[in-house]
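Enquirer: The structure is given below, and queries will be raised subsequently.
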Amino acid sequence: MNVEHVSASPVGMKITCKSELLEVDGRRLVFSVEAYDEKGLIGKGTHERFIIKNEKFQKKADGKLG
């Protein structure tokens, strides 16, 4: 995740987040992300994720148990 903090928000102010899928490249997904408080933009950036094979991923993670 690569996010730029633009502005602080006071405690108790409502925060809203928005994301948009920008790119699909095989298993790779790229999103645009933005966060707003009641007065305007407070953060923005991009987020990259990969589609995984759940069983393979879980088996690898479970391997840490012993």
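Following the order of the structure tokens, chains are lettered A, B, ..., residues in each are numbered from 1, and ligands are numbered from 1.
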Enumerate as number ranges by chain all residues of chain A assigned to helix (DSSP H, G or I) by DSSP on the backbone, naming them with the chain letters and numbers the document uses.

Expert: A: 54-65

Enquirer: Save out the residues we just selected, C-alpha atoms, as a short mmCIF file (atom, residue, chain, number, x, y, z; two decimals), in the first residue's frame.

Expert:
```
data_model
loop_
_atom_site.label_atom_id
_atom_site.label_comp_id
_atom_site.auth_asym_id
_atom_site.auth_seq_id
_atom_site.Cartn_x
_atom_site.Cartn_y
_atom_site.Cartn_z
CA ASN A 54 -6.50 -20.32 -1.01
CA GLU A 55 -5.61 -23.98 -0.29
CA LYS A 56 -1.95 -23.51 -1.27
CA PHE A 57 -1.69 -20.28 0.72
CA GLN A 58 -3.30 -21.80 3.82
CA LYS A 59 -1.07 -24.88 3.68
CA LYS A 60 2.02 -22.66 3.58
CA ALA A 61 0.74 -20.51 6.46
CA ASP A 62 -0.16 -23.59 8.52
CA GLY A 63 3.42 -24.84 8.01
CA LYS A 64 4.54 -22.18 10.51
CA LEU A 65 2.76 -24.09 13.28
#
```

Enquirer: Take CA of Thr46 (chain A) and CA of Met13 (chain A) and report the distance between them in Å, one decimal.

Expert: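 Interatomic distance here is 23.7 Å.
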
Enquirer: Figure out the distance between CA of Leu29 (chain A) and CA of Ile15 (chain A), please, to one decimal in Å.

Expert: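 It comes out at 24.6 Å.
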
Enquirer: May I have the residues within 8 Å of region 2-10 of chain A as a ChimeraX atom specification, using only C-alpha atoms and disregarding those fewer than 3 positions away in the same chain?

Expert: /A:13,33,37,41-47

Enquirer: Write out as a ChimeraX atom specification each polymer residue whose atoms come within 12 Å of Gly26 (chain A), counting only C-alpha atoms; drop sequence neighbours fewer than 4 positions from it.

Expert: /A:30,49-52

Enquirer: Please produce an output containing C-alpha atoms for each residue in the selection, written as a short mmCIF file (atom, residue, chain, number, x, y, z; two decimals), in the first residue's frame.

Expert:
```cif
data_model
loop_
_atom_site.label_atom_id
_atom_site.label_comp_id
_atom_site.auth_asym_id
_atom_site.auth_seq_id
_atom_site.Cartn_x
_atom_site.Cartn_y
_atom_site.Cartn_z
CA VAL A 30 -4.25 -2.35 -8.58
CA ARG A 49 -3.12 -7.13 -4.25
CA PHE A 50 -2.79 -10.56 -5.80
CA ILE A 51 -5.43 -13.23 -6.31
CA ILE A 52 -4.18 -16.37 -4.57
#
```

Enquirer: Give me, please, the distance in Å between CA of Val24 (chain A) and CA of Lys53 (chain A), quoted to one decimal.

Expert: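 CA of Lys53 (chain A) lies 16.7 Å from CA of Val24 (chain A).
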
Enquirer: Apply DSSP to the structure's backbone, then extract all residues of chain A labelled strand (DSSP E) and return them as a ChimeraX atom specification.

Expert: /A:2-5,16-25,28-37,40-50

Enquirer: Output N, CA and C atoms for every residue in that selection, as an mmCIF file, in the first residue's frame.

Expert:
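Ended up saving to out.cif:
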```cif
data_model
loop_
_atom_site.group_PDB
_atom_site.id
_atom_site.type_symbol
_atom_site.label_atom_id
_atom_site.label_comp_id
_atom_site.auth_asym_id
_atom_site.auth_seq_id
_atom_site.Cartn_x
_atom_site.Cartn_y
_atom_site.Cartn_z
ATOM 1 N N ASN A 2 0.604 2.178 -0.867
ATOM 2 C CA ASN A 2 1.344 3.422 -0.970
ATOM 3 C C ASN A 2 0.340 4.553 -0.813
ATOM 4 N N VAL A 3 0.291 5.143 0.403
ATOM 5 C CA VAL A 3 -0.724 6.151 0.703
ATOM 6 C C VAL A 3 -0.064 7.421 1.215
ATOM 7 N N GLU A 4 -0.516 8.538 0.717
ATOM 8 C CA GLU A 4 -0.050 9.849 1.164
ATOM 9 C C GLU A 4 -1.062 10.424 2.156
ATOM 10 N N HIS A 5 -0.582 10.824 3.342
ATOM 11 C CA HIS A 5 -1.432 11.470 4.336
ATOM 12 C C HIS A 5 -1.507 12.947 3.975
ATOM 13 N N THR A 16 -14.754 8.589 5.636
ATOM 14 C CA THR A 16 -15.290 7.788 4.533
ATOM 15 C C THR A 16 -14.141 7.392 3.618
ATOM 16 N N CYS A 17 -14.123 6.127 3.194
ATOM 17 C CA CYS A 17 -13.079 5.630 2.297
ATOM 18 C C CYS A 17 -13.686 5.211 0.962
ATOM 19 N N LYS A 18 -12.912 5.389 -0.082
ATOM 20 C CA LYS A 18 -13.357 5.055 -1.439
ATOM 21 C C LYS A 18 -12.233 4.286 -2.120
ATOM 22 N N SER A 19 -12.575 3.234 -2.848
ATOM 23 C CA SER A 19 -11.568 2.515 -3.635
ATOM 24 C C SER A 19 -12.138 2.214 -5.019
ATOM 25 N N GLU A 20 -11.223 2.151 -5.983
ATOM 26 C CA GLU A 20 -11.611 1.861 -7.364
ATOM 27 C C GLU A 20 -10.563 0.932 -7.966
ATOM 28 N N LEU A 21 -11.015 -0.143 -8.592
ATOM 29 C CA LEU A 21 -10.118 -1.066 -9.274
ATOM 30 C C LEU A 21 -9.651 -0.416 -10.574
ATOM 31 N N LEU A 22 -8.331 -0.188 -10.671
ATOM 32 C CA LEU A 22 -7.776 0.496 -11.838
ATOM 33 C C LEU A 22 -7.209 -0.442 -12.889
ATOM 34 N N GLU A 23 -6.651 -1.572 -12.427
ATOM 35 C CA GLU A 23 -5.906 -2.435 -13.353
ATOM 36 C C GLU A 23 -5.997 -3.892 -12.918
ATOM 37 N N VAL A 24 -6.161 -4.767 -13.889
ATOM 38 C CA VAL A 24 -6.083 -6.210 -13.688
ATOM 39 C C VAL A 24 -5.034 -6.727 -14.646
ATOM 40 N N ASP A 25 -3.991 -7.340 -14.087
ATOM 41 C CA ASP A 25 -2.901 -7.889 -14.892
ATOM 42 C C ASP A 25 -2.671 -9.316 -14.421
ATOM 43 N N ARG A 28 -2.715 -9.970 -10.615
ATOM 44 C CA ARG A 28 -2.393 -8.702 -9.951
ATOM 45 C C ARG A 28 -3.529 -7.696 -10.118
ATOM 46 N N LEU A 29 -3.935 -7.076 -9.013
ATOM 47 C CA LEU A 29 -4.986 -6.064 -9.008
ATOM 48 C C LEU A 29 -4.411 -4.773 -8.440
ATOM 49 N N VAL A 30 -4.706 -3.646 -9.067
ATOM 50 C CA VAL A 30 -4.248 -2.347 -8.576
ATOM 51 C C VAL A 30 -5.475 -1.475 -8.314
ATOM 52 N N PHE A 31 -5.526 -0.903 -7.116
ATOM 53 C CA PHE A 31 -6.647 -0.062 -6.700
ATOM 54 C C PHE A 31 -6.186 1.357 -6.426
ATOM 55 N N SER A 32 -7.045 2.313 -6.697
ATOM 56 C CA SER A 32 -6.892 3.679 -6.233
ATOM 57 C C SER A 32 -7.659 3.756 -4.915
ATOM 58 N N VAL A 33 -7.069 4.381 -3.893
ATOM 59 C CA VAL A 33 -7.751 4.517 -2.602
ATOM 60 C C VAL A 33 -7.738 5.985 -2.169
ATOM 61 N N GLU A 34 -8.830 6.407 -1.552
ATOM 62 C CA GLU A 34 -8.946 7.766 -1.032
ATOM 63 C C GLU A 34 -9.709 7.719 0.284
ATOM 64 N N ALA A 35 -9.357 8.629 1.192
ATOM 65 C CA ALA A 35 -10.069 8.755 2.462
ATOM 66 C C ALA A 35 -10.457 10.217 2.652
ATOM 67 N N TYR A 36 -11.653 10.429 3.165
ATOM 68 C CA TYR A 36 -12.193 11.766 3.371
ATOM 69 C C TYR A 36 -12.739 11.888 4.781
ATOM 70 N N ASP A 37 -12.598 13.070 5.379
ATOM 71 C CA ASP A 37 -13.367 13.359 6.575
ATOM 72 C C ASP A 37 -14.490 14.304 6.153
ATOM 73 N N GLY A 40 -13.163 17.122 3.784
ATOM 74 C CA GLY A 40 -12.498 16.883 2.510
ATOM 75 C C GLY A 40 -11.464 15.771 2.561
ATOM 76 N N LEU A 41 -10.617 15.727 1.548
ATOM 77 C CA LEU A 41 -9.621 14.678 1.365
ATOM 78 C C LEU A 41 -8.603 14.669 2.510
ATOM 79 N N ILE A 42 -8.328 13.478 3.058
ATOM 80 C CA ILE A 42 -7.316 13.345 4.115
ATOM 81 C C ILE A 42 -6.206 12.366 3.743
ATOM 82 N N GLY A 43 -6.442 11.545 2.716
ATOM 83 C CA GLY A 43 -5.422 10.594 2.282
ATOM 84 C C GLY A 43 -5.749 10.037 0.916
ATOM 85 N N LYS A 44 -4.686 9.648 0.167
ATOM 86 C CA LYS A 44 -4.905 9.091 -1.174
ATOM 87 C C LYS A 44 -3.698 8.251 -1.554
ATOM 88 N N GLY A 45 -3.925 7.305 -2.459
ATOM 89 C CA GLY A 45 -2.808 6.498 -2.918
ATOM 90 C C GLY A 45 -3.254 5.305 -3.736
ATOM 91 N N THR A 46 -2.387 4.297 -3.765
ATOM 92 C CA THR A 46 -2.678 3.072 -4.510
ATOM 93 C C THR A 46 -2.458 1.863 -3.613
ATOM 94 N N HIS A 47 -3.114 0.779 -3.953
ATOM 95 C CA HIS A 47 -2.989 -0.472 -3.209
ATOM 96 C C HIS A 47 -2.934 -1.615 -4.219
ATOM 97 N N GLU A 48 -1.966 -2.509 -4.063
ATOM 98 C CA GLU A 48 -1.780 -3.634 -4.984
ATOM 99 C C GLU A 48 -2.027 -4.938 -4.232
ATOM 100 N N ARG A 49 -2.808 -5.818 -4.830
ATOM 101 C CA ARG A 49 -3.121 -7.128 -4.247
ATOM 102 C C ARG A 49 -2.969 -8.190 -5.325
ATOM 103 N N PHE A 50 -2.862 -9.443 -4.883
ATOM 104 C CA PHE A 50 -2.789 -10.563 -5.803
ATOM 105 C C PHE A 50 -3.861 -11.588 -5.464
#
```
